[in-house]
file query-v4.txt (compact mmCIF, C-alpha atoms and all ligand atoms)
# COMPACT_ATOMS: atom_id res chain seq x y z
CA MET A 235 -5.55 -16.47 -9.38
CA THR A 236 -3.52 -16.34 -12.56
CA VAL A 237 -5.16 -17.29 -15.84
CA GLN A 238 -3.48 -18.57 -18.96
CA LEU A 239 -5.38 -18.92 -22.22
CA GLN A 240 -4.45 -21.22 -25.08
CA TRP A 241 -5.39 -18.56 -27.65
CA PRO A 242 -4.42 -15.21 -26.13
CA ILE A 243 -6.71 -13.24 -28.46
CA LEU A 244 -9.70 -14.86 -26.71
CA GLY A 245 -8.68 -12.80 -23.68
CA VAL A 246 -10.03 -9.71 -25.42
CA ILE A 247 -12.77 -11.33 -27.52
CA ILE A 248 -14.54 -12.94 -24.54
CA PRO A 249 -14.88 -9.69 -22.51
CA CYS A 250 -16.01 -7.83 -25.67
CA ILE A 251 -18.78 -10.39 -26.29
CA ILE A 252 -19.88 -10.24 -22.64
CA ILE A 253 -19.90 -6.42 -22.55
CA ALA A 254 -21.81 -6.19 -25.86
CA THR A 255 -24.36 -8.85 -24.82
CA LEU A 256 -25.06 -7.20 -21.48
CA ALA A 257 -25.05 -3.60 -22.67
CA TYR A 258 -26.95 -3.91 -25.98
CA GLY A 259 -28.90 -7.18 -25.44
CA SER A 260 -30.46 -5.81 -22.27
CA HIS A 261 -31.14 -2.45 -23.88
CA TYR A 262 -32.83 -3.87 -26.99
CA PHE A 263 -34.89 -6.62 -25.39
CA ILE A 264 -35.70 -5.12 -21.99
CA LEU A 265 -34.72 -1.58 -21.06
CA ARG A 266 -36.11 0.33 -24.05
CA HIS A 267 -39.63 -0.73 -23.01
CA HIS A 268 -39.27 0.63 -19.50
CA LEU A 269 -36.71 3.43 -19.29
CA SER A 270 -37.33 7.00 -20.39
CA TYR A 271 -35.40 8.37 -23.34
CA ARG A 272 -33.11 10.27 -20.98
CA GLU A 273 -32.45 7.18 -18.84
CA GLN A 274 -31.59 5.20 -21.94
CA ILE A 275 -29.01 7.78 -22.98
CA ILE A 276 -27.45 7.68 -19.50
CA TYR A 277 -27.36 3.88 -19.68
CA GLU A 278 -25.55 4.01 -23.02
CA PHE A 279 -23.14 6.53 -21.55
CA TYR A 280 -22.14 3.94 -18.90
CA ALA A 281 -21.62 1.34 -21.64
CA THR A 282 -19.48 3.77 -23.64
CA MET A 283 -17.32 4.56 -20.61
CA ILE A 284 -16.72 0.80 -20.18
CA TRP A 285 -15.50 0.54 -23.79
CA ILE A 286 -13.32 3.67 -23.52
CA SER A 287 -11.64 2.65 -20.25
CA TYR A 288 -11.16 -0.90 -21.56
CA ALA A 289 -9.44 0.47 -24.68
CA PHE A 290 -7.18 2.64 -22.50
CA ALA A 291 -6.27 -0.38 -20.32
CA ILE A 292 -5.38 -2.39 -23.45
CA PHE A 293 -3.48 0.25 -25.42
CA THR A 294 -1.73 2.33 -22.72
CA ASN A 295 1.86 1.31 -22.16
CA PRO A 296 2.32 0.12 -18.56
CA GLY A 297 5.53 2.16 -18.37
CA THR A 298 9.19 1.46 -19.21
CA PRO A 299 12.31 2.67 -17.42
CA PRO A 300 13.94 5.79 -18.89
CA LYS A 301 16.89 5.08 -21.21
CA ASN A 302 20.26 4.89 -19.43
CA TYR A 303 18.67 4.54 -16.01
CA LYS A 304 21.33 4.39 -13.24
CA PRO A 305 20.51 2.57 -10.00
CA THR A 306 21.07 4.47 -6.74
CA PRO A 307 23.26 2.89 -3.98
CA HIS A 308 20.16 1.81 -2.07
CA GLU A 309 18.81 -0.45 -4.82
CA TRP A 310 19.76 -3.86 -6.10
CA THR A 311 21.72 -3.48 -9.31
CA ARG A 312 19.55 -5.34 -11.78
CA PHE A 313 20.39 -5.25 -15.46
CA CYS A 314 17.94 -6.40 -18.12
CA LYS A 315 19.85 -7.98 -20.98
CA LYS A 316 16.78 -7.98 -23.20
CA CYS A 317 16.12 -4.25 -22.82
CA ASN A 318 19.81 -3.45 -22.39
CA ASN A 319 19.02 -1.16 -19.47
CA TYR A 320 19.10 -1.15 -15.66
CA LYS A 321 15.86 -1.87 -13.84
CA PRO A 322 14.53 0.66 -11.34
CA PRO A 323 13.06 -0.74 -8.09
CA ARG A 324 9.67 -2.45 -8.45
CA THR A 325 10.36 -3.09 -12.16
CA HIS A 326 10.16 -6.53 -13.79
CA HIS A 327 10.63 -7.74 -17.33
CA CYS A 328 7.36 -9.10 -18.78
CA LYS A 329 7.92 -12.09 -21.01
CA THR A 330 4.74 -11.43 -23.03
CA CYS A 331 5.04 -7.66 -23.50
CA ASN A 332 8.79 -8.19 -23.94
CA GLN A 333 9.70 -5.02 -22.09
CA CYS A 334 10.60 -3.94 -18.58
CA VAL A 335 7.45 -2.78 -16.82
CA LEU A 336 7.52 -0.10 -14.09
CA GLY A 337 5.64 -1.07 -10.93
CA MET A 338 4.60 -4.32 -12.57
CA ASP A 339 1.50 -5.82 -10.98
CA HIS A 340 0.83 -8.73 -13.35
CA HIS A 341 0.39 -9.50 -17.02
CA CYS A 342 -3.35 -9.49 -17.61
CA PRO A 343 -4.67 -12.00 -20.18
CA TRP A 344 -7.98 -10.05 -20.42
CA THR A 345 -6.28 -6.89 -21.71
CA LEU A 346 -3.33 -8.58 -23.50
CA ASN A 347 -1.23 -6.05 -21.63
CA CYS A 348 0.59 -5.69 -18.36
CA VAL A 349 -1.03 -3.92 -15.47
CA GLY A 350 1.75 -1.65 -14.32
CA HIS A 351 2.42 1.81 -12.98
CA GLY A 352 1.43 3.61 -16.21
CA ASN A 353 -1.96 2.02 -16.84
CA LEU A 354 -3.14 0.97 -13.38
CA PRO A 355 -5.54 3.98 -13.23
CA HIS A 356 -7.10 2.88 -16.55
CA PHE A 357 -7.42 -0.70 -15.36
CA MET A 358 -9.09 0.41 -12.11
CA ARG A 359 -11.39 2.80 -14.00
CA PHE A 360 -12.39 -0.05 -16.30
CA LEU A 361 -13.27 -2.28 -13.34
CA ALA A 362 -15.16 0.57 -11.64
CA TRP A 363 -17.25 1.33 -14.75
CA VAL A 364 -18.04 -2.39 -15.20
CA ILE A 365 -19.21 -2.59 -11.58
CA TRP A 366 -21.31 0.56 -11.96
CA GLY A 367 -22.85 -0.55 -15.27
CA THR A 368 -23.60 -4.14 -14.25
CA GLY A 369 -24.85 -2.96 -10.85
CA TYR A 370 -27.28 -0.53 -12.49
CA LEU A 371 -28.44 -3.25 -14.90
CA PHE A 372 -28.90 -5.69 -12.04
CA VAL A 373 -31.26 -3.26 -10.28
CA GLN A 374 -33.30 -2.90 -13.50
CA LEU A 375 -33.42 -6.69 -13.97
CA CYS A 376 -34.57 -7.17 -10.38
CA LYS A 377 -37.36 -4.64 -10.96
CA ARG A 378 -38.51 -6.70 -13.97
CA ILE A 379 -38.43 -9.92 -11.96
CA MET A 380 -40.48 -8.29 -9.18
CA GLN A 381 -43.01 -7.15 -11.75
CA TYR A 382 -43.24 -10.65 -13.26
CA TYR A 383 -43.86 -12.00 -9.79
CA GLU A 384 -46.63 -9.50 -9.11
CA GLU A 385 -48.29 -10.21 -12.44
CA SER A 386 -47.86 -13.97 -12.25
CA ASN A 387 -51.61 -14.56 -12.27
CA LEU A 388 -52.09 -12.85 -15.65
CA PRO A 389 -52.51 -15.01 -18.82
CA GLY A 390 -49.28 -15.96 -20.61
CA TYR A 391 -50.03 -14.24 -23.94
CA LEU A 392 -49.70 -10.85 -22.21
CA PHE A 393 -45.98 -11.37 -21.65
CA ASP A 394 -43.36 -10.51 -24.24
CA LYS A 395 -41.58 -13.88 -24.67
CA TRP A 396 -38.35 -12.30 -25.94
CA GLU A 397 -38.14 -10.00 -22.99
CA LEU A 398 -38.84 -12.80 -20.55
CA THR A 399 -36.12 -14.96 -22.16
CA ALA A 400 -33.64 -12.06 -22.02
CA VAL A 401 -34.36 -11.45 -18.32
CA ILE A 402 -33.82 -15.16 -17.54
CA ALA A 403 -30.58 -15.33 -19.55
CA LEU A 404 -29.02 -11.97 -18.64
CA THR A 405 -29.71 -11.83 -14.90
CA PRO A 406 -27.27 -14.62 -13.89
CA LEU A 407 -24.65 -13.43 -16.41
CA ASP A 408 -24.92 -9.85 -15.17
CA PHE A 409 -24.71 -10.91 -11.54
CA PHE A 410 -21.69 -13.13 -12.24
CA VAL A 411 -19.80 -10.27 -13.91
CA PHE A 412 -20.81 -7.82 -11.17
CA ALA A 413 -19.72 -10.16 -8.36
CA SER A 414 -16.42 -11.34 -9.87
CA ILE A 415 -15.30 -7.88 -10.98
CA SER A 416 -16.24 -6.47 -7.56
CA VAL A 417 -14.02 -9.05 -5.85
CA LEU A 418 -11.14 -8.24 -8.23
CA PHE A 419 -11.65 -4.49 -7.76
CA ILE A 420 -11.63 -4.76 -3.95
CA ARG A 421 -8.52 -6.96 -4.05
CA CYS A 422 -6.70 -4.46 -6.29
CA LEU A 423 -7.83 -1.51 -4.16
CA ILE A 424 -6.57 -3.15 -0.96
CA ASN A 425 -3.19 -3.76 -2.63
CA ILE A 426 -3.04 -0.14 -3.82
CA CYS A 427 -3.82 1.15 -0.31
CA LYS A 428 -1.08 -1.09 1.10
CA GLY A 429 1.25 0.39 -1.51
CA MET A 430 2.09 -3.06 -2.87
CA THR A 431 1.82 -4.72 -6.26
CA GLN A 432 0.63 -8.33 -6.56
CA ILE A 433 4.24 -9.38 -7.19
CA GLU A 434 5.37 -7.63 -3.99
CA ILE A 435 2.60 -9.29 -2.01
CA TRP A 436 3.78 -12.62 -3.40
CA GLU A 437 7.31 -11.67 -2.29
CA TRP A 438 6.03 -10.80 1.18
CA GLU A 439 4.31 -14.19 1.44
CA ARG A 440 7.53 -15.87 0.41
CA LEU A 441 9.49 -14.09 3.15
CA GLU A 442 6.77 -14.98 5.65
CA THR A 443 6.91 -18.67 4.74
CA GLN A 444 10.70 -18.76 4.83
CA TRP A 445 11.13 -16.47 7.82
CA TYR A 446 12.66 -19.11 10.07
CA SER A 447 14.85 -20.68 7.44
CA GLU A 448 18.59 -20.68 7.70
CA ARG A 449 18.81 -20.19 3.95
CA LEU A 450 16.94 -16.84 4.02
CA TRP A 451 18.99 -15.47 6.89
CA THR A 452 22.29 -16.62 5.41
CA MET A 453 21.46 -14.61 2.31
CA ILE A 454 20.32 -11.57 4.29
CA ARG A 455 23.57 -11.70 6.31
CA ASN A 456 25.69 -12.13 3.17
CA ASN A 457 23.93 -9.23 1.50
CA TYR A 458 24.39 -7.01 4.51
CA GLU A 459 28.07 -7.74 4.88
CA LYS A 460 28.69 -7.27 1.16
CA LEU A 461 26.73 -4.02 0.91
CA HIS A 462 27.82 -2.33 4.14
CA ASN A 463 31.16 -3.98 4.63
CA LYS A 464 30.57 -4.56 8.34
CA LYS A 465 29.24 -7.21 10.66
CA PHE A 466 25.53 -7.99 10.78
CA PRO A 467 23.94 -6.12 13.72
CA LYS A 468 21.89 -7.60 16.53
CA LEU A 469 18.24 -7.23 15.62
CA THR A 470 15.52 -6.38 18.10
CA THR A 471 11.78 -6.73 18.26
CA TRP A 472 8.87 -4.84 19.80
CA THR A 473 7.02 -7.96 20.90
CA ARG A 474 6.68 -8.64 24.63
CA SER A 475 9.38 -10.64 26.28
CA TYR A 476 8.88 -12.92 29.27
CA HIS A 477 10.91 -13.79 32.35
CA SER A 478 9.97 -17.41 32.57
CA GLU A 479 8.37 -19.98 30.40
CA GLU A 480 5.44 -20.46 32.80
CA GLU A 481 4.64 -16.77 32.68
CA GLN A 482 4.77 -16.90 28.92
CA GLN A 483 2.41 -19.81 28.63
CA GLU A 484 0.01 -18.31 31.13
CA GLU A 485 -0.34 -15.06 29.28
CA GLU A 486 -0.19 -16.08 25.69
CA GLY A 487 -1.19 -19.74 25.62
CA GLU A 488 -1.34 -20.84 21.98
CA GLU A 489 -0.02 -17.52 20.75
CA MET A 490 3.55 -17.67 22.06
CA ILE A 491 5.77 -16.26 19.39
CA HIS A 492 9.31 -16.85 20.54
CA LEU A 493 11.27 -19.63 19.02
CA THR A 494 13.71 -21.75 20.86
CA THR A 495 16.56 -21.12 18.49
CA ASN A 496 19.97 -21.36 20.08
CA GLU A 497 22.13 -18.25 20.28
CA GLU A 498 24.62 -19.31 17.63
CA SER A 499 21.91 -19.80 15.04
CA VAL A 500 21.95 -17.55 11.96
CA ILE A 501 18.23 -16.96 12.48
CA PRO A 502 17.75 -13.95 14.78
CA LYS A 503 15.83 -14.91 17.84
CA ASN A 504 14.04 -11.64 18.47
CA PHE A 505 13.18 -10.36 15.04
CA THR A 506 9.71 -11.21 13.75
CA MET A 507 8.02 -10.62 10.43
CA ASP A 508 6.19 -7.67 12.07
CA ASP A 509 9.54 -5.92 12.45
CA LEU A 510 10.12 -6.01 8.73
CA ILE A 511 9.12 -2.74 7.02
CA PHE A 512 8.01 -2.55 3.41
CA PRO A 513 9.94 0.42 1.97
CA TYR A 514 7.27 1.79 -0.40
CA ASP A 515 4.28 1.90 1.94
CA LEU A 516 3.69 5.64 2.43
CA GLY A 517 0.36 5.35 4.22
CA PHE A 518 -3.04 4.69 2.72
CA TRP A 519 -3.80 8.16 1.27
CA LYS A 520 -0.41 8.72 -0.34
CA ASN A 521 -0.33 5.18 -1.74
CA LEU A 522 -3.74 5.76 -3.29
CA THR A 523 -2.99 9.16 -4.83
CA ASN A 524 0.47 8.09 -6.04
CA ALA A 525 -1.05 5.14 -7.87
CA LEU A 526 -4.28 6.68 -9.19
CA GLY A 527 -3.79 10.45 -9.01
CA TYR A 528 -5.98 12.80 -6.94
CA PRO A 529 -9.73 12.03 -6.66
CA TYR A 530 -10.75 14.90 -8.97
CA VAL A 531 -9.08 13.09 -11.91
CA TRP A 532 -10.35 9.58 -11.13
CA LEU A 533 -13.23 9.76 -13.60
CA ILE A 534 -11.29 11.45 -16.39
CA PRO A 535 -10.70 8.73 -19.02
CA PHE A 536 -7.08 9.63 -19.83
CA ALA A 537 -5.82 10.57 -16.32
CA GLY A 538 -2.60 8.80 -15.31
CA PRO A 539 -0.79 8.05 -12.04
CA GLY A 540 0.55 10.66 -9.62
CA THR A 541 4.27 9.74 -9.83
CA ASN A 542 6.89 8.90 -12.44
CA GLY A 543 7.14 5.22 -11.43
CA TYR A 544 10.92 4.78 -11.59
CA SER A 545 12.02 6.64 -8.45
CA PRO A 546 9.53 5.44 -5.84
CA GLU A 547 9.50 7.42 -2.61
CA ILE A 548 10.85 5.53 0.41
CA SER A 549 8.70 5.66 3.54
CA LYS A 550 9.91 7.68 6.56
CA GLU A 551 9.28 4.73 8.85
CA TYR A 552 11.58 2.61 6.70
CA GLN A 553 14.31 5.26 6.65
CA GLU A 554 14.22 5.62 10.42
CA ASP A 555 13.44 2.14 11.69
CA ASP A 556 14.51 -0.42 9.13
CA GLN A 557 16.98 -2.60 10.99
CA LEU A 558 18.02 -4.69 8.02
CA ASN A 559 19.03 -1.62 6.00
CA LEU A 560 18.84 -3.56 2.73
CA PRO A 561 17.06 -2.92 -0.58
CA TRP A 562 13.83 -4.82 -1.27
CA PRO A 563 13.63 -7.84 -1.14
CA PRO A 564 16.24 -8.13 1.65
CA ASP A 565 17.46 -11.55 0.52
CA GLY A 566 18.17 -10.19 -2.95
CA VAL A 567 16.82 -11.00 -6.39
CA ARG A 568 19.51 -13.28 -7.73
CA GLN A 569 19.91 -16.12 -5.31
CA GLN A 570 22.89 -18.35 -4.95
CA GLU A 571 22.80 -22.05 -4.09
CA ILE A 572 22.93 -22.52 -0.32
CA THR A 573 22.91 -25.88 1.39
CA VAL A 574 21.03 -25.94 4.64
CA THR A 575 20.86 -28.48 7.38
CA ARG A 576 17.40 -29.71 8.21
CA ASP A 577 16.17 -28.96 11.73
CA ASN A 578 16.92 -31.95 13.90
CA ASP A 579 14.11 -33.69 15.75
CA GLU A 580 15.30 -32.37 19.09
CA GLU A 581 14.91 -28.76 17.91
CA LEU A 582 11.50 -29.45 16.38
CA ARG A 583 10.31 -31.06 19.61
CA ASN A 584 11.22 -27.87 21.46
CA ILE A 585 8.84 -25.79 19.36
CA LYS A 586 5.63 -25.78 21.31
CA ASN A 587 3.60 -23.54 19.06
CA TYR A 588 1.74 -25.56 16.43
CA ARG A 589 1.76 -22.76 13.84
CA GLU A 590 5.52 -22.27 14.14
CA LEU A 591 6.08 -25.99 13.88
CA ARG A 592 4.00 -26.15 10.74
CA LYS A 593 6.06 -23.31 9.24
CA ARG A 594 9.27 -25.17 10.04
CA LEU A 595 7.98 -28.29 8.31
CA ASP A 596 6.65 -26.41 5.25
CA PRO A 597 8.34 -27.99 2.22
CA ARG A 598 8.70 -24.53 0.62
CA ILE A 599 10.84 -23.18 3.45
CA ASN A 600 14.11 -23.47 1.52
CA ASP A 601 12.87 -22.85 -2.03
CA LYS A 602 14.73 -20.38 -4.18
CA ARG A 603 12.81 -17.23 -5.13
CA GLU A 604 12.08 -18.41 -8.67
CA ASN A 605 10.72 -21.77 -7.46
CA PHE A 606 8.58 -20.53 -4.59
CA VAL A 607 4.82 -21.21 -4.88
CA ASN A 608 2.45 -19.18 -2.68
CA ASP A 609 -0.76 -20.46 -1.04
CA MET A 610 -2.73 -19.60 -4.18
CA GLY A 611 -0.38 -21.82 -6.22
CA GLU A 612 1.32 -18.87 -7.92
CA ARG A 613 4.97 -18.70 -8.93
CA LEU A 614 6.77 -15.53 -10.00
CA VAL A 615 6.49 -16.65 -13.62
CA ASP A 616 2.67 -16.82 -13.32
CA PHE A 617 2.51 -13.03 -13.06
CA GLY A 618 4.21 -12.89 -16.45
CA VAL A 619 7.67 -12.13 -15.04
CA ASP A 620 10.67 -13.30 -17.02
CA GLU A 621 12.40 -15.82 -14.74
CA SER A 622 15.88 -14.57 -15.53
CA ASP A 623 14.83 -11.39 -13.66
ZN ZN B 1 13.58 -5.80 -19.71
ZN ZN B 2 3.00 -7.96 -19.92
call {"tool": "encode", "arguments": {"input": "query-v4.txt", "output": "structure tokens", "more": "lines below"}}
Ligand SMILES: [Zn+2]
Ligand SMILES: [Zn+2]
result
Amino acid sequence: MTVQLQWPILGVIIPCIIIATLAYGSHYFILRHHLSYREQIIYEFYATMIWISYAFAIFTNPGTPPKNYKPTPHEWTRFCKKCNNYKPPRTHHCKTCNQCVLGMDHHCPWTLNCVGHGNLPHFMRFLAWVIWGTGYLFVQLCKRIMQYYEESNLPGYLFDKWELTAVIALTPLDFFVFASISVLFIRCLINICKGMTQIEIWEWERLETQWYSERLWTMIRNNYEKLHNKKFPKLTTWTRSYHSEEEQQEEEGEEMIHLTTNEESVIPKNFTMDDLIFPYDLGFWKNLTNALGYPYVWLIPFAGPGTNGYSPEISKEYQEDDQLNLPWPPDGVRQQEITVTRDNDEELRNIKNYRELRKRLDPRINDKRENFVNDMGERLVDFGVDESD
């Protein structure tokens, strides 16, 4: 979910207050009475690593395209007027950082910086240290609570009131930070393993929603004919095909995936979203090491990504099997006005699959890229992207 703050500086002040309260409040009021000297030093080491990685995430430039970058023939030619430079693939102009950001993921209000190719490892390290630190603290707090429970029959004056208050106040705060950062970390890690940024996942959702729209396929066809100067090919799919409708319904029931589009339609009949290949997905291990470097550098505070960020490697699968043979996204970044005819009732009645029917009736089906809102309510601009992109 995207967050926008009225006073951006709060984005850094709030996390600083939370980190300081948890790290030093818990140490002063609780941990120093129970941990050994050595354990206390280790605990402060965790806190220091949180501060260091946070500072790196805030102050490291997310990465800008090299000066005089020239797009290759298999890229959309995208020129940024503000930076006066061409944009490499996966790059977007951030309206807050006011620069083009390589591999832009999103503009993060909690670091006042973009999360992009150059500082993604720092961002992930920050999240990991927060999870480790708050997780360790949570275990210590639980031990205290267990002890209070066991000693609950002792007279009240034996308890340190300050410590008891700190345990009651810090346990929910610590758990909240631990849980929310863990969710964010897992979400980011899944994206990294898929080889996609949040913006690209948003783009994928847009294509999925608009997959059976005439508008999308008109643009894909136009792009193809313009780029390759030849007629759009007949696309194929790997999904099972059936001889008769009865056979189809028997085997698949609810799950039938073929649409009853007529042959002249611009929407290809036998090409599903599963046949679309994302060009930069190189497989889980390569995606991970390209984004974060090799595992032996993961804990080094200043270690950067494993690639340069402006010439992303194209997957073999894409080179061999991509039927559309178009740069990403296949419908292009600058989208012209296209008028589409609404599906007539007869056609809609012929769609027997409820999910497909719902897709056809989705009001977002013909939205232009800059207006599209995903299921989480996010538009391209919510990631910090300049809309004139
Ligand atoms: Zn720019
Ligand atoms: Zn930014």
call {"tool": "residues_around", "arguments": {"input": "query-v4.txt", "residues": "segment 304-307 of chain A", "least_positions_apart": "5", "cutoff": "10 Å", "atoms": "all atoms listed in the file", "output": "ChimeraX atom specification"}}
result
/A:312-313,319-323,461,544-545,561
call {"tool": "residues_near_ligand", "arguments": {"input": "query-v4.txt", "ligand": "ligand ZN 1 (chain B)", "cutoff": "8 Å", "atoms": "all atoms listed in the file", "output": "CSV table (one decimal) with C-alpha atoms, keeping the file's coordinate frame"}}
result
chain,number,residue,atom,x,y,z
A,314,CYS,CA,17.9,-6.4,-18.1
A,315,LYS,CA,19.8,-8.0,-21.0
A,316,LYS,CA,16.8,-8.0,-23.2
A,317,CYS,CA,16.1,-4.2,-22.8
A,318,ASN,CA,19.8,-3.4,-22.4
A,319,ASN,CA,19.0,-1.2,-19.5
A,321,LYS,CA,15.9,-1.9,-13.8
A,326,HIS,CA,10.2,-6.5,-13.8
A,327,HIS,CA,10.6,-7.7,-17.3
A,328,CYS,CA,7.4,-9.1,-18.8
A,332,ASN,CA,8.8,-8.2,-23.9
A,333,GLN,CA,9.7,-5.0,-22.1
A,334,CYS,CA,10.6,-3.9,-18.6
A,335,VAL,CA,7.4,-2.8,-16.8
call {"tool": "closest_residue", "arguments": {"input": "query-v4.txt", "among": "A:Glu439, A:Asp339, A:Glu278, A:Glu590", "to": "ligand ZN 2 (chain B)", "atoms": "only C-alpha atoms and all ligand atoms"}}
result
A:Asp339
call {"tool": "residues_near_ligand", "arguments": {"input": "query-v4.txt", "ligand": "ligand ZN 2 (chain B)", "cutoff": "9 Å", "atoms": "only C-alpha atoms and all ligand atoms", "output": "mmCIF file with C-alpha atoms, keeping the file's coordinate frame"}}
result
data_model
loop_
_atom_site.group_PDB
_atom_site.id
_atom_site.type_symbol
_atom_site.label_atom_id
_atom_site.label_comp_id
_atom_site.auth_asym_id
_atom_site.auth_seq_id
_atom_site.Cartn_x
_atom_site.Cartn_y
_atom_site.Cartn_z
ATOM 1 C CA PRO A 296 2.320 0.120 -18.560
ATOM 2 C CA HIS A 327 10.630 -7.740 -17.330
ATOM 3 C CA CYS A 328 7.360 -9.100 -18.780
ATOM 4 C CA LYS A 329 7.920 -12.090 -21.010
ATOM 5 C CA THR A 330 4.740 -11.430 -23.030
ATOM 6 C CA CYS A 331 5.040 -7.660 -23.500
ATOM 7 C CA ASN A 332 8.790 -8.190 -23.940
ATOM 8 C CA GLN A 333 9.700 -5.020 -22.090
ATOM 9 C CA CYS A 334 10.600 -3.940 -18.580
ATOM 10 C CA VAL A 335 7.450 -2.780 -16.820
ATOM 11 C CA MET A 338 4.600 -4.320 -12.570
ATOM 12 C CA HIS A 340 0.830 -8.730 -13.350
ATOM 13 C CA HIS A 341 0.390 -9.500 -17.020
ATOM 14 C CA CYS A 342 -3.350 -9.490 -17.610
ATOM 15 C CA PRO A 343 -4.670 -12.000 -20.180
ATOM 16 C CA LEU A 346 -3.330 -8.580 -23.500
ATOM 17 C CA ASN A 347 -1.230 -6.050 -21.630
ATOM 18 C CA CYS A 348 0.590 -5.690 -18.360
ATOM 19 C CA VAL A 349 -1.030 -3.920 -15.470
ATOM 20 C CA GLY A 350 1.750 -1.650 -14.320
ATOM 21 C CA PHE A 617 2.510 -13.030 -13.060
ATOM 22 C CA GLY A 618 4.210 -12.890 -16.450
ATOM 23 C CA VAL A 619 7.670 -12.130 -15.040
#
call {"tool": "closest_residue", "arguments": {"input": "query-v4.txt", "among": "A:Gly390, A:Thr405, A:Trp562, A:Lys602", "to": "Val373 of chain A", "atoms": "all atoms listed in the file"}}
result
A:Thr405
call {"tool": "closest_residue", "arguments": {"input": "query-v4.txt", "among": "A:Thr443, A:Thr368, A:Ser499, A:Thr345", "to": "Ser414 of chain A", "atoms": "all atoms listed in the file"}}
result
A:Thr368
call {"tool": "residues_around", "arguments": {"input": "query-v4.txt", "residues": "Ile454 of chain A", "least_positions_apart": "2", "cutoff": "6 Å", "atoms": "all atoms listed in the file", "output": "list in words"}}
result
Trp451, Thr452, Asn456, Asn457, Pro564 and Asp565 of chain A
call {"tool": "atom_distance", "arguments": {"input": "query-v4.txt", "atom1": "atom CA of Tyr277 of chain A", "atom2": "atom CA of Gly367 of chain A"}}
result
7.7 Å
call {"tool": "closest_residue", "arguments": {"input": "query-v4.txt", "among": "A:Asn295, A:His268, A:His356, A:Leu516", "to": "Val531 of chain A", "atoms": "all atoms listed in the file"}}
result
A:His356
call {"tool": "closest_residue", "arguments": {"input": "query-v4.txt", "among": "A:Tyr530, A:Tyr262, A:Phe518, A:Trp285", "to": "Ile424 of chain A", "atoms": "only C-alpha atoms"}}
result
A:Phe518
call {"tool": "residues_near_point", "arguments": {"input": "query-v4.txt", "point": "(11.6, -8.8, 11.9)", "cutoff": "12 Å", "atoms": "all atoms listed in the file", "output": "count of residues only"}}
result
30
call {"tool": "atom_distance", "arguments": {"input": "query-v4.txt", "atom1": "atom CA of Asn425 of chain A", "atom2": "atom CA of Asp515 of chain A"}}
result
10.4 Å
call {"tool": "closest_residue", "arguments": {"input": "query-v4.txt", "among": "A:Thr573, A:Phe536, A:Arg272, A:Gly259", "to": "Phe290 of chain A", "atoms": "all atoms listed in the file"}}
result
A:Phe536
call {"tool": "atom_distance", "arguments": {"input": "query-v4.txt", "atom1": "atom CA of Val364 of chain A", "atom2": "atom CA of Trp396 of chain A"}}
result
25.0 Å
call {"tool": "residues_around", "arguments": {"input": "query-v4.txt", "residues": "Asn578 of chain A", "least_positions_apart": "6", "cutoff": "12 Å", "atoms": "only C-alpha atoms", "output": "PyMOL selection string"}}
result
chain A and resi 495+584-585+594-595
call {"tool": "residues_near_point", "arguments": {"input": "query-v4.txt", "point": "(-31.6, -6.9, -24.3)", "cutoff": "10 Å", "atoms": "all atoms listed in the file", "output": "number ranges by chain"}}
result
A: 254-266, 396-397, 399-401, 403-404
call {"tool": "axis_aligned_box", "arguments": {"input": "query-v4.txt", "around": "segment 255-267 of chain A", "padding_each_side": "8 Å", "output": "JSON"}}
result
{"center_x": -32.0, "center_y": -4.3, "center_z": -24.0, "size_x": 31.3, "size_y": 25.2, "size_z": 21.9}
call {"tool": "build_atoms", "arguments": {"input": "query-v4.txt", "residues": "segment 427-434 of chain A", "atoms": "N, CA and C atoms", "output": "tab-separated table (two decimals), in the coordinates of the input"}}
result
chain	number	residue	atom	x	y	z
A	427	CYS	N	-3.87	0.44	-1.60
A	427	CYS	CA	-3.82	1.15	-0.31
A	427	CYS	C	-2.64	0.68	0.54
A	428	LYS	N	-2.26	-0.58	0.39
A	428	LYS	CA	-1.08	-1.09	1.10
A	428	LYS	C	0.20	-0.59	0.45
A	429	GLY	N	0.08	-0.06	-0.76
A	429	GLY	CA	1.25	0.39	-1.51
A	429	GLY	C	2.04	-0.75	-2.12
A	430	MET	N	1.38	-1.89	-2.35
A	430	MET	CA	2.09	-3.06	-2.87
A	430	MET	C	1.47	-3.54	-4.18
A	431	THR	N	2.32	-4.06	-5.06
A	431	THR	CA	1.82	-4.72	-6.26
A	431	THR	C	1.57	-6.19	-5.92
A	432	GLN	N	0.88	-6.90	-6.81
A	432	GLN	CA	0.63	-8.33	-6.56
A	432	GLN	C	1.94	-9.10	-6.43
A	433	ILE	N	2.94	-8.70	-7.23
A	433	ILE	CA	4.24	-9.38	-7.19
A	433	ILE	C	4.90	-9.15	-5.82
A	434	GLU	N	4.77	-7.92	-5.29
A	434	GLU	CA	5.37	-7.63	-3.99
A	434	GLU	C	4.65	-8.35	-2.86
